[in-house]
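To be precise, the following lines are start.cif, and they hold mmCIF, C-alpha atoms and all ligand atoms.
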```
data_query
loop_
_atom_site.label_atom_id
_atom_site.label_comp_id
_atom_site.auth_asym_id
_atom_site.auth_seq_id
_atom_site.Cartn_x
_atom_site.Cartn_y
_atom_site.Cartn_z
CA MET A 1 8.05 12.34 37.58
CA ILE A 2 4.58 13.40 38.71
CA THR A 3 1.77 14.21 36.27
CA VAL A 4 -1.18 16.38 37.18
CA VAL A 5 -4.14 15.81 34.83
CA GLY A 6 -6.26 18.95 35.04
CA GLY A 7 -2.97 20.76 35.58
CA ALA A 8 -4.17 24.07 34.15
CA GLY A 9 -6.98 24.26 36.71
CA LYS A 10 -6.80 25.96 40.08
CA VAL A 11 -5.98 22.93 42.24
CA GLY A 12 -3.80 21.36 39.51
CA ALA A 13 -1.55 24.37 38.95
CA THR A 14 -1.27 25.07 42.70
CA THR A 15 -0.27 21.43 43.27
CA GLY A 16 2.39 21.84 40.58
CA ALA A 17 3.78 24.83 42.46
CA PHE A 18 3.84 23.03 45.84
CA LEU A 19 5.50 19.93 44.33
CA LEU A 20 8.30 22.13 43.01
CA MET A 21 8.58 24.22 46.19
CA ARG A 22 9.00 21.05 48.25
CA ASP A 23 11.38 19.53 45.69
CA VAL A 24 9.25 16.38 45.37
CA ASP A 25 9.85 15.64 41.67
CA ASP A 26 9.69 16.89 38.08
CA VAL A 27 6.15 17.89 37.10
CA VAL A 28 3.98 17.47 33.98
CA LEU A 29 0.75 19.47 33.76
CA ILE A 30 -1.76 18.00 31.30
CA ASP A 31 -5.02 19.71 30.43
CA ILE A 32 -7.47 19.91 27.53
CA LEU A 33 -7.32 23.73 27.45
CA LYS A 34 -5.20 25.06 24.60
CA ASP A 35 -1.99 26.84 25.70
CA LYS A 36 -3.03 27.10 29.38
CA PRO A 37 -0.99 24.17 30.79
CA GLN A 38 2.00 25.39 28.78
CA GLY A 39 1.52 28.89 30.19
CA GLU A 40 1.22 27.62 33.77
CA ALA A 41 4.32 25.45 33.27
CA LEU A 42 6.29 28.40 31.91
CA ASP A 43 5.41 30.53 34.91
CA LEU A 44 6.20 27.62 37.27
CA GLY A 45 9.52 27.07 35.46
CA HIS A 46 10.36 30.71 36.15
CA MET A 47 9.36 30.14 39.79
CA ALA A 48 11.65 27.07 40.00
CA SER A 49 14.48 29.17 38.58
CA ALA A 50 13.78 31.90 41.16
CA ILE A 51 14.04 29.44 44.05
CA GLY A 52 17.15 27.78 42.62
CA SER A 53 15.43 24.47 41.82
CA SER A 54 16.60 22.34 38.92
CA ARG A 55 13.29 20.45 38.74
CA LYS A 56 11.70 20.41 35.29
CA VAL A 57 8.09 21.35 34.58
CA ILE A 58 6.24 21.04 31.28
CA GLY A 59 2.67 21.71 30.16
CA SER A 60 0.92 19.57 27.57
CA ASN A 61 -2.36 18.76 25.85
CA ASP A 62 -1.29 15.19 25.14
CA TYR A 63 -1.83 12.32 27.61
CA LYS A 64 1.27 10.67 26.09
CA ASP A 65 3.41 13.05 28.12
CA MET A 66 2.49 11.23 31.33
CA ALA A 67 4.64 8.27 30.17
CA GLY A 68 7.06 7.21 32.90
CA SER A 69 5.18 8.95 35.74
CA ASP A 70 5.48 7.39 39.19
CA ILE A 71 2.39 9.27 40.34
CA VAL A 72 -0.59 10.65 38.41
CA ILE A 73 -2.77 13.18 40.22
CA ILE A 74 -6.25 13.68 38.74
CA THR A 75 -7.80 17.09 39.32
CA ALA A 76 -9.50 17.16 35.88
CA GLY A 77 -13.21 17.77 35.69
CA PHE A 78 -16.00 20.25 35.57
CA PRO A 79 -17.83 22.14 38.31
CA ARG A 80 -21.61 21.98 38.62
CA LYS A 81 -23.37 24.47 36.33
CA ALA A 82 -26.61 26.28 37.15
CA GLY A 83 -29.56 23.98 36.54
CA GLN A 84 -27.39 20.85 36.41
CA THR A 85 -28.23 18.01 38.80
CA ARG A 86 -25.60 16.20 40.90
CA GLU A 87 -26.33 13.05 38.88
CA GLU A 88 -25.62 14.89 35.63
CA LEU A 89 -22.31 16.17 37.00
CA LEU A 90 -21.52 12.68 38.27
CA ALA A 91 -21.91 11.27 34.76
CA ILE A 92 -19.88 14.09 33.15
CA ASN A 93 -16.92 13.75 35.53
CA ALA A 94 -17.12 9.91 35.46
CA LYS A 95 -16.60 10.15 31.69
CA VAL A 96 -13.49 12.31 32.29
CA MET A 97 -12.20 9.73 34.84
CA ALA A 98 -12.73 6.90 32.34
CA GLU A 99 -10.81 8.79 29.64
CA VAL A 100 -7.93 9.65 31.99
CA SER A 101 -7.84 6.06 33.34
CA ASP A 102 -7.54 4.68 29.81
CA ALA A 103 -4.58 7.03 29.22
CA ILE A 104 -2.96 5.90 32.50
CA LYS A 105 -3.43 2.27 31.45
CA GLU A 106 -1.67 3.01 28.19
CA TYR A 107 1.15 5.35 29.26
CA ALA A 108 1.77 4.94 33.01
CA PRO A 109 0.18 1.63 34.08
CA LYS A 110 2.32 1.32 37.23
CA ALA A 111 1.67 4.85 38.49
CA LYS A 112 0.04 5.44 41.83
CA VAL A 113 -3.08 7.48 41.13
CA LEU A 114 -4.42 10.19 43.43
CA VAL A 115 -8.01 11.28 42.69
CA LEU A 116 -9.32 14.69 43.76
CA THR A 117 -12.13 15.41 41.27
CA ASN A 118 -15.58 15.67 42.87
CA PRO A 119 -17.56 13.82 43.94
CA SER A 120 -14.22 12.34 44.92
CA ASP A 121 -15.44 9.06 46.51
CA ALA A 122 -17.34 8.12 43.33
CA MET A 123 -14.53 9.32 41.04
CA THR A 124 -11.99 7.21 42.97
CA TYR A 125 -14.29 4.22 42.49
CA VAL A 126 -14.62 4.85 38.74
CA VAL A 127 -10.82 5.05 38.31
CA TYR A 128 -10.33 1.88 40.40
CA LYS A 129 -12.87 -0.07 38.34
CA ARG A 130 -11.65 1.22 34.99
CA LEU A 131 -7.94 0.65 35.70
CA LYS A 132 -8.60 -2.81 37.15
CA ALA A 133 -5.60 -2.06 39.36
CA PRO A 134 -5.03 -3.22 42.93
CA ARG A 135 -6.72 -0.92 45.44
CA SER A 136 -3.29 0.05 46.79
CA GLN A 137 -2.68 1.94 43.54
CA VAL A 138 -5.82 4.14 43.45
CA ILE A 139 -6.14 6.58 46.31
CA GLY A 140 -8.84 9.17 46.79
CA PHE A 141 -7.96 12.56 48.19
CA SER A 142 -10.07 14.48 50.76
CA GLY A 143 -8.98 13.10 54.13
CA LEU A 144 -6.01 15.46 54.05
CA LEU A 145 -8.44 18.32 53.57
CA ASP A 146 -11.22 17.32 55.97
CA ALA A 147 -8.91 16.28 58.83
CA PRO A 148 -6.72 19.43 58.78
CA ARG A 149 -9.92 21.49 58.76
CA LEU A 150 -10.99 19.75 61.99
CA SER A 151 -7.55 20.54 63.47
CA TYR A 152 -7.84 24.15 62.32
CA TYR A 153 -11.16 24.78 64.07
CA ALA A 154 -10.15 22.84 67.20
CA SER A 155 -6.84 24.72 67.42
CA GLN A 156 -8.69 28.04 67.28
CA LYS A 157 -10.96 27.03 70.16
CA LEU A 158 -8.12 25.61 72.27
CA GLY A 159 -5.51 28.28 71.46
CA ILE A 160 -2.92 25.66 70.51
CA SER A 161 -1.06 24.80 67.32
CA PRO A 162 -3.02 22.70 64.79
CA ALA A 163 0.18 20.66 64.43
CA SER A 164 -0.34 19.29 67.94
CA ILE A 165 -3.71 17.74 67.03
CA LEU A 166 -4.00 14.30 65.41
CA PRO A 167 -7.44 14.54 63.77
CA ILE A 168 -9.63 11.61 62.72
CA VAL A 169 -12.29 12.13 60.06
CA LEU A 170 -13.84 9.08 58.40
CA GLY A 171 -16.33 8.09 55.72
CA MET A 172 -17.53 10.19 52.82
CA HIS A 173 -16.11 13.51 51.66
CA GLY A 174 -18.61 16.36 51.86
CA GLU A 175 -21.63 16.91 54.04
CA ASN A 176 -21.79 13.23 55.06
CA MET A 177 -18.24 13.06 56.42
CA PHE A 178 -17.84 11.66 59.94
CA PRO A 179 -15.38 13.52 62.24
CA VAL A 180 -14.49 11.54 65.40
CA PRO A 181 -13.50 13.94 68.24
CA ARG A 182 -13.07 11.10 70.78
CA LEU A 183 -10.24 9.64 68.69
CA SER A 184 -8.72 13.00 67.68
CA MET A 185 -5.86 13.50 70.13
CA VAL A 186 -3.87 16.35 71.62
CA GLY A 187 -0.86 14.83 73.37
CA GLY A 188 -2.86 11.63 73.90
CA VAL A 189 -5.91 13.48 75.32
CA PRO A 190 -9.09 13.25 73.20
CA LEU A 191 -10.62 16.49 71.89
CA SER A 192 -13.89 15.34 73.48
CA GLU A 193 -12.23 15.69 76.92
CA LEU A 194 -10.71 19.10 76.19
CA MET A 195 -13.92 20.74 74.96
CA THR A 196 -17.56 20.99 75.94
CA LYS A 197 -20.20 19.21 73.84
CA ASP A 198 -21.31 22.56 72.37
CA GLN A 199 -17.73 23.39 71.36
CA ILE A 200 -17.32 19.96 69.76
CA ASP A 201 -20.62 20.33 67.89
CA ASP A 202 -19.49 23.73 66.64
CA ILE A 203 -16.08 22.57 65.30
CA VAL A 204 -17.68 19.51 63.67
CA LYS A 205 -20.29 21.72 61.98
CA LYS A 206 -17.61 24.15 60.78
CA THR A 207 -15.45 21.28 59.46
CA VAL A 208 -18.36 19.80 57.50
CA SER A 209 -19.34 23.17 55.99
CA ALA A 210 -15.79 24.53 55.49
CA GLY A 211 -15.73 23.94 51.71
CA ALA A 212 -19.07 25.71 51.23
CA GLU A 213 -17.87 28.61 53.40
CA VAL A 214 -14.81 29.14 51.16
CA ILE A 215 -17.06 29.19 48.07
CA LYS A 216 -19.51 31.57 49.73
CA LEU A 217 -16.75 34.03 50.63
CA ARG A 218 -14.68 34.05 47.45
CA GLY A 219 -16.88 32.54 44.76
CA TYR A 220 -14.91 29.38 43.96
CA SER A 221 -13.78 26.27 45.76
CA SER A 222 -10.58 25.59 47.73
CA ASN A 223 -7.27 25.25 45.95
CA TRP A 224 -4.53 26.02 48.50
CA ALA A 225 -5.51 23.46 51.13
CA PRO A 226 -6.25 20.57 48.72
CA ALA A 227 -3.06 21.26 46.77
CA ALA A 228 -1.07 21.10 50.03
CA GLY A 229 -2.72 17.78 50.95
CA LEU A 230 -2.10 16.28 47.51
CA THR A 231 1.55 17.35 47.71
CA LEU A 232 2.01 15.64 51.10
CA MET A 233 0.42 12.45 49.75
CA ALA A 234 2.69 12.49 46.68
CA GLU A 235 5.70 13.12 48.92
CA ALA A 236 4.79 10.18 51.20
CA ILE A 237 4.65 7.86 48.18
CA LYS A 238 7.65 9.25 46.32
CA ASN A 239 9.90 9.24 49.40
CA ASP A 240 8.48 5.96 50.76
CA GLN A 241 7.66 7.65 54.06
CA LYS A 242 5.28 4.90 55.33
CA ARG A 243 3.27 7.74 56.79
CA ALA A 244 -0.19 7.47 58.39
CA ILE A 245 -2.52 9.69 56.40
CA ILE A 246 -6.31 9.81 56.09
CA ALA A 247 -7.21 8.94 52.51
CA SER A 248 -10.08 7.39 50.58
CA VAL A 249 -9.62 3.73 49.70
CA ILE A 250 -11.74 0.85 48.52
CA LEU A 251 -12.61 -1.06 51.68
CA GLN A 252 -12.21 -4.81 51.32
CA GLY A 253 -13.66 -6.15 54.56
CA GLU A 254 -12.23 -3.52 56.92
CA TYR A 255 -14.89 -2.08 59.28
CA GLY A 256 -17.10 -4.93 58.01
CA VAL A 257 -17.51 -3.07 54.68
CA ASN A 258 -16.82 -4.27 51.13
CA ASP A 259 -16.44 -2.57 47.75
CA VAL A 260 -17.13 0.96 48.99
CA VAL A 261 -14.77 3.96 49.01
CA ALA A 262 -14.28 5.68 52.37
CA GLU A 263 -11.88 8.01 54.17
CA VAL A 264 -9.87 6.01 56.71
CA PRO A 265 -6.31 6.21 58.04
CA VAL A 266 -3.83 4.37 55.81
CA ILE A 267 -0.07 3.95 55.61
CA LEU A 268 1.26 5.55 52.42
CA GLY A 269 4.58 4.48 50.97
CA LYS A 270 6.21 3.63 47.65
CA ASN A 271 3.60 0.92 47.01
CA GLY A 272 0.72 3.34 47.53
CA VAL A 273 -1.66 2.21 50.27
CA GLU A 274 0.50 -0.26 52.21
CA LYS A 275 -1.93 -0.79 55.07
CA VAL A 276 -5.50 0.19 55.95
CA LEU A 277 -5.89 1.02 59.64
CA GLU A 278 -9.08 0.24 61.54
CA VAL A 279 -9.71 2.77 64.29
CA PRO A 280 -11.48 1.43 67.41
CA LEU A 281 -14.98 2.92 67.10
CA ASN A 282 -17.53 2.58 69.91
CA ASP A 283 -21.14 1.57 69.11
CA GLU A 284 -22.38 5.12 68.60
CA GLU A 285 -19.41 6.06 66.37
CA ARG A 286 -19.84 2.88 64.40
CA GLN A 287 -23.43 3.87 63.65
CA GLY A 288 -22.28 7.32 62.51
CA PHE A 289 -19.61 5.78 60.31
CA MET A 290 -22.10 3.33 58.75
CA LYS A 291 -24.48 6.23 57.99
CA SER A 292 -21.65 7.87 56.08
CA ILE A 293 -20.90 4.56 54.29
CA ASP A 294 -24.58 4.32 53.28
CA ALA A 295 -24.31 7.79 51.73
CA VAL A 296 -21.27 6.65 49.70
CA ARG A 297 -23.16 3.55 48.60
CA ALA A 298 -26.11 5.68 47.44
CA LEU A 299 -23.68 7.86 45.45
CA LEU A 300 -22.02 4.82 43.85
CA ASN A 301 -25.46 3.39 43.02
CA SER A 302 -26.31 6.54 41.06
CA LEU A 303 -23.25 6.11 38.79
CA PRO A 304 -24.12 5.20 35.20
CA PRO A 305 -23.73 1.38 34.89
CA GLU A 306 -20.78 1.54 32.48
CA TYR A 307 -18.59 3.06 35.22
CA LYS A 308 -19.29 0.48 37.96
N1 LIG A 401 -11.91 16.25 46.88
C1 LIG A 401 -11.67 17.46 47.35
O1 LIG A 401 -11.43 17.63 48.53
C2 LIG A 401 -11.67 18.63 46.41
C3 LIG A 401 -11.21 19.90 46.80
C4 LIG A 401 -11.19 20.93 45.87
C5 LIG A 401 -11.66 20.71 44.57
N2 LIG A 401 -12.14 19.46 44.24
C6 LIG A 401 -12.60 19.14 42.88
O2 LIG A 401 -11.45 19.07 42.05
C7 LIG A 401 -11.80 19.38 40.72
C8 LIG A 401 -10.87 20.48 40.19
O3 LIG A 401 -11.09 21.70 40.89
P1 LIG A 401 -10.46 23.07 40.34
O4 LIG A 401 -10.90 24.14 41.25
O5 LIG A 401 -9.01 22.89 40.04
O6 LIG A 401 -11.28 23.19 38.96
P2 LIG A 401 -10.81 23.91 37.62
O7 LIG A 401 -12.04 24.06 36.79
O8 LIG A 401 -10.01 25.14 37.95
O9 LIG A 401 -9.83 22.84 36.94
C9 LIG A 401 -10.24 21.66 36.32
C10 LIG A 401 -9.39 21.48 35.09
O10 LIG A 401 -9.66 20.20 34.51
C11 LIG A 401 -9.50 20.35 33.12
N3 LIG A 401 -10.07 19.20 32.42
C12 LIG A 401 -11.37 18.88 32.20
N4 LIG A 401 -11.47 17.73 31.51
C13 LIG A 401 -10.21 17.29 31.29
C14 LIG A 401 -9.65 16.14 30.66
N5 LIG A 401 -10.43 15.21 30.10
N6 LIG A 401 -8.31 16.01 30.62
C15 LIG A 401 -7.51 16.96 31.19
N7 LIG A 401 -7.97 18.06 31.80
C16 LIG A 401 -9.30 18.22 31.87
C17 LIG A 401 -10.18 21.68 32.82
O11 LIG A 401 -9.79 22.18 31.57
C18 LIG A 401 -9.67 22.53 33.98
O12 LIG A 401 -8.49 23.21 33.65
C19 LIG A 401 -13.30 19.76 40.77
O13 LIG A 401 -14.05 18.60 40.48
C20 LIG A 401 -13.50 20.16 42.22
O14 LIG A 401 -14.84 20.01 42.63
C21 LIG A 401 -12.14 18.43 45.13
#
```
Translate this structure into structure tokens?
Amino acid sequence: MITVVGGAGKVGATTGAFLLMRDVDDVVLIDILKDKPQGEALDLGHMASAIGSSRKVIGSNDYKDMAGSDIVIITAGFPRKAGQTREELLAINAKVMAEVSDAIKEYAPKAKVLVLTNPSDAMTYVVYKRLKAPRSQVIGFSGLLDAPRLSYYASQKLGISPASILPIVLGMHGENMFPVPRLSMVGGVPLSELMTKDQIDDIVKKTVSAGAEVIKLRGYSSNWAPAAGLTLMAEAIKNDQKRAIIASVILQGEYGVNDVVAEVPVILGKNGVEKVLEVPLNDEERQGFMKSIDAVRALLNSLPPEYK
């Protein structure tokens, strides 16, 4: 069983739909909004019936209903309101993470936890600290959004399928992410050899600003792409795929970094993060990666002390 906390929200409900469409598992949608998770679950139940799936889906306002979950996906939180600072939002969503973590501790202490809520690096850290779980159990989302965006823009320039690109994006989610074109391969050939410097600069810029572009065009943030990424991560864990995926983990010495969350390639399987992979960065890339790590550190430093 997979629980989505924040399940009545845009990413949460879409993730519920994709989990059912790909027959990953039964789904529980938990949200604080009255009736909404139940309404989403009813519609999704009708969808499951339409596609001939016997998977169950329920909506709930009670954290108790996550009991027995193998995976808990956290998409719960609030967007930034006009006049609100990033620090204020950080504190508000950290409080939500603490509350959800306490529920996980009580009802699904063995669950692998996937964290999407923004700012996702800091929220992953809060859940990790609050759960006092091994780092293999708490996995931040975002790599499977940022990396496919790099593939998308590169594929458009090269006129090839995005599926034939193995993209590498490291570090922090958001404007301080660090795409690495030299290690992003098409049939073993680096993107940096297939494109001019200007083309590379352009796809990197578009990847970094992709989230903002979606909001600018339609007025609210991405749901389809993150829901797809979350579904693939849940599938890798549930089906013990031992698949290499870019995800945010707490680094414990890898890349010479300790106690900081960063996007890096990992192997995902039934135990969560089963291995953290260290990509071979050159000196210049290492500097870029460390700049991104510094930005994560600054974000973690601005967390209220009770969440560190
Ligand atoms: N990391 C990423 O790549 C990425 C991508 C997209 C969105 N996001 C973030 O994910 C979060 C969700 O986005 P969305 O578009 O689905 O927002 P949304 O507002 O549509 O959904 C959030 C849901 O969380 C619920 N919620 C709030 N507090 C709760 C609690 N304590 N328990 C249970 N539910 C609670 C709300 O009622 C709401 O239904 C936001 O923080 C957004 O910024 C991150």
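Each of A:Thr3, A:Thr75, A:Gln252, A:Ser164 was compared to ligand LIG 401 (chain A) using only C-alpha atoms and all ligand atoms, and A:Thr75 turns out to be the nearest.
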Restricting the calculation to only C-alpha atoms and all ligand atoms, which member of A:Lys132, A:Lys110, A:His173, A:Arg297 is positioned closest to ligand LIG 401 (chain A)? A:His173
Protein and nucleic residues near ligand LIG 401 (chain A), 6 Å, all atoms listed in the file, as number ranges by chain: A: 5-6, 8-12, 30-33, 75-79, 96, 116-118, 120, 141-142, 145, 221-223, 226
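You will find atom CA of A:Ala295 at 14.6 Å from atom CA of A:Leu90.
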Taking (0.0, 20.5, 66.6) in the file's own coordinates, collect the residues within 10 Å, counting all atoms listed in the file, and hand them back as a list in words. Ser151, Tyr152, Ser155, Ile160, Ser161, Pro162, Ala163, Ser164, Ile165, Leu166, Pro167, Met185, Val186 and Gly187 of chain A
Non-local contacts of A:Tyr307 (12 Å; all atoms listed in the file; under 2 positions in same chain excluded) as a list in words: Leu90, Ala91, Ile92, Asn93, Ala94, Lys95, Val96, Met97, Ala98, Glu99, Ser101, Ala122, Met123, Thr124, Tyr125, Val126, Val127, Tyr128, Lys129, Arg130, Leu131, Lys132, Leu300, Asn301, Ser302, Leu303, Pro304 and Pro305 of chain A
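A straight line drawn from atom CA of A:Val208 to atom CA of A:Lys242 is 28.0 Å long.
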List the neighbours of A:Lys112 out to 12 Å using only C-alpha atoms; skip same-chain residues closer than 4 positions along the sequence, and give me the result as a ChimeraX atom specification. /A:1-4,68-74,101,104-105,108,127-128,131,133-140,233-238,268-274
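Atom CA of A:Val204 is positioned 9.0 Å from atom CA of A:Ala154.
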Which polymer residues, protein or nucleic acid, are no farther than 6 Å from (-15.3, 5.1, 48.5), counting all atoms listed in the file, as a PyMOL selection string? chain A and resi 121+249-250+260-262
Leaving out A:Asp35 and any residue of its chain fewer than 2 positions from it, which residues lie within 12 Å of it when counting all atoms listed in the file, given as a PDB file with C-alpha atoms, in the frame of the given file?
```
ATOM      1  CA  GLY A   7      -2.970  20.760  35.580  1.00  0.00           C
ATOM      2  CA  ALA A   8      -4.170  24.070  34.150  1.00  0.00           C
ATOM      3  CA  LEU A  29       0.750  19.470  33.760  1.00  0.00           C
ATOM      4  CA  ILE A  30      -1.760  18.000  31.300  1.00  0.00           C
ATOM      5  CA  ASP A  31      -5.020  19.710  30.430  1.00  0.00           C
ATOM      6  CA  ILE A  32      -7.470  19.910  27.530  1.00  0.00           C
ATOM      7  CA  LEU A  33      -7.320  23.730  27.450  1.00  0.00           C
ATOM      8  CA  PRO A  37      -0.990  24.170  30.790  1.00  0.00           C
ATOM      9  CA  GLN A  38       2.000  25.390  28.780  1.00  0.00           C
ATOM     10  CA  GLY A  39       1.520  28.890  30.190  1.00  0.00           C
ATOM     11  CA  GLU A  40       1.220  27.620  33.770  1.00  0.00           C
ATOM     12  CA  ALA A  41       4.320  25.450  33.270  1.00  0.00           C
ATOM     13  CA  LEU A  42       6.290  28.400  31.910  1.00  0.00           C
ATOM     14  CA  ILE A  58       6.240  21.040  31.280  1.00  0.00           C
ATOM     15  CA  GLY A  59       2.670  21.710  30.160  1.00  0.00           C
ATOM     16  CA  SER A  60       0.920  19.570  27.570  1.00  0.00           C
ATOM     17  CA  ASN A  61      -2.360  18.760  25.850  1.00  0.00           C
ATOM     18  CA  ASP A  62      -1.290  15.190  25.140  1.00  0.00           C
TER      19      ASP A  62
END
```
A:Ala225 environment, 10 Å, all atoms listed in the file, sequence neighbours closer than 3 positions dropped, as a list in words: Val11, Thr14, Thr15, Leu144, Leu145, Asp146, Pro148, Arg149, Ser222, Ala228, Gly229, Leu230 and Thr231 of chain A
Could you dump the residues just selected with C-alpha atoms as a PDB file, in the coordinates of the input?
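Saved the output as selection-v1.pdb:
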```pdb
ATOM      1  CA  VAL A  11      -5.980  22.930  42.240  1.00  0.00           C
ATOM      2  CA  THR A  14      -1.270  25.070  42.700  1.00  0.00           C
ATOM      3  CA  THR A  15      -0.270  21.430  43.270  1.00  0.00           C
ATOM      4  CA  LEU A 144      -6.010  15.460  54.050  1.00  0.00           C
ATOM      5  CA  LEU A 145      -8.440  18.320  53.570  1.00  0.00           C
ATOM      6  CA  ASP A 146     -11.220  17.320  55.970  1.00  0.00           C
ATOM      7  CA  PRO A 148      -6.720  19.430  58.780  1.00  0.00           C
ATOM      8  CA  ARG A 149      -9.920  21.490  58.760  1.00  0.00           C
ATOM      9  CA  SER A 222     -10.580  25.590  47.730  1.00  0.00           C
ATOM     10  CA  ALA A 228      -1.070  21.100  50.030  1.00  0.00           C
ATOM     11  CA  GLY A 229      -2.720  17.780  50.950  1.00  0.00           C
ATOM     12  CA  LEU A 230      -2.100  16.280  47.510  1.00  0.00           C
ATOM     13  CA  THR A 231       1.550  17.350  47.710  1.00  0.00           C
TER      14      THR A 231
END
```
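Closest approach to A:Asp202 among A:Gln84, A:Ser49, A:Gln156, A:Asn239: A:Gln156, based on only C-alpha atoms.
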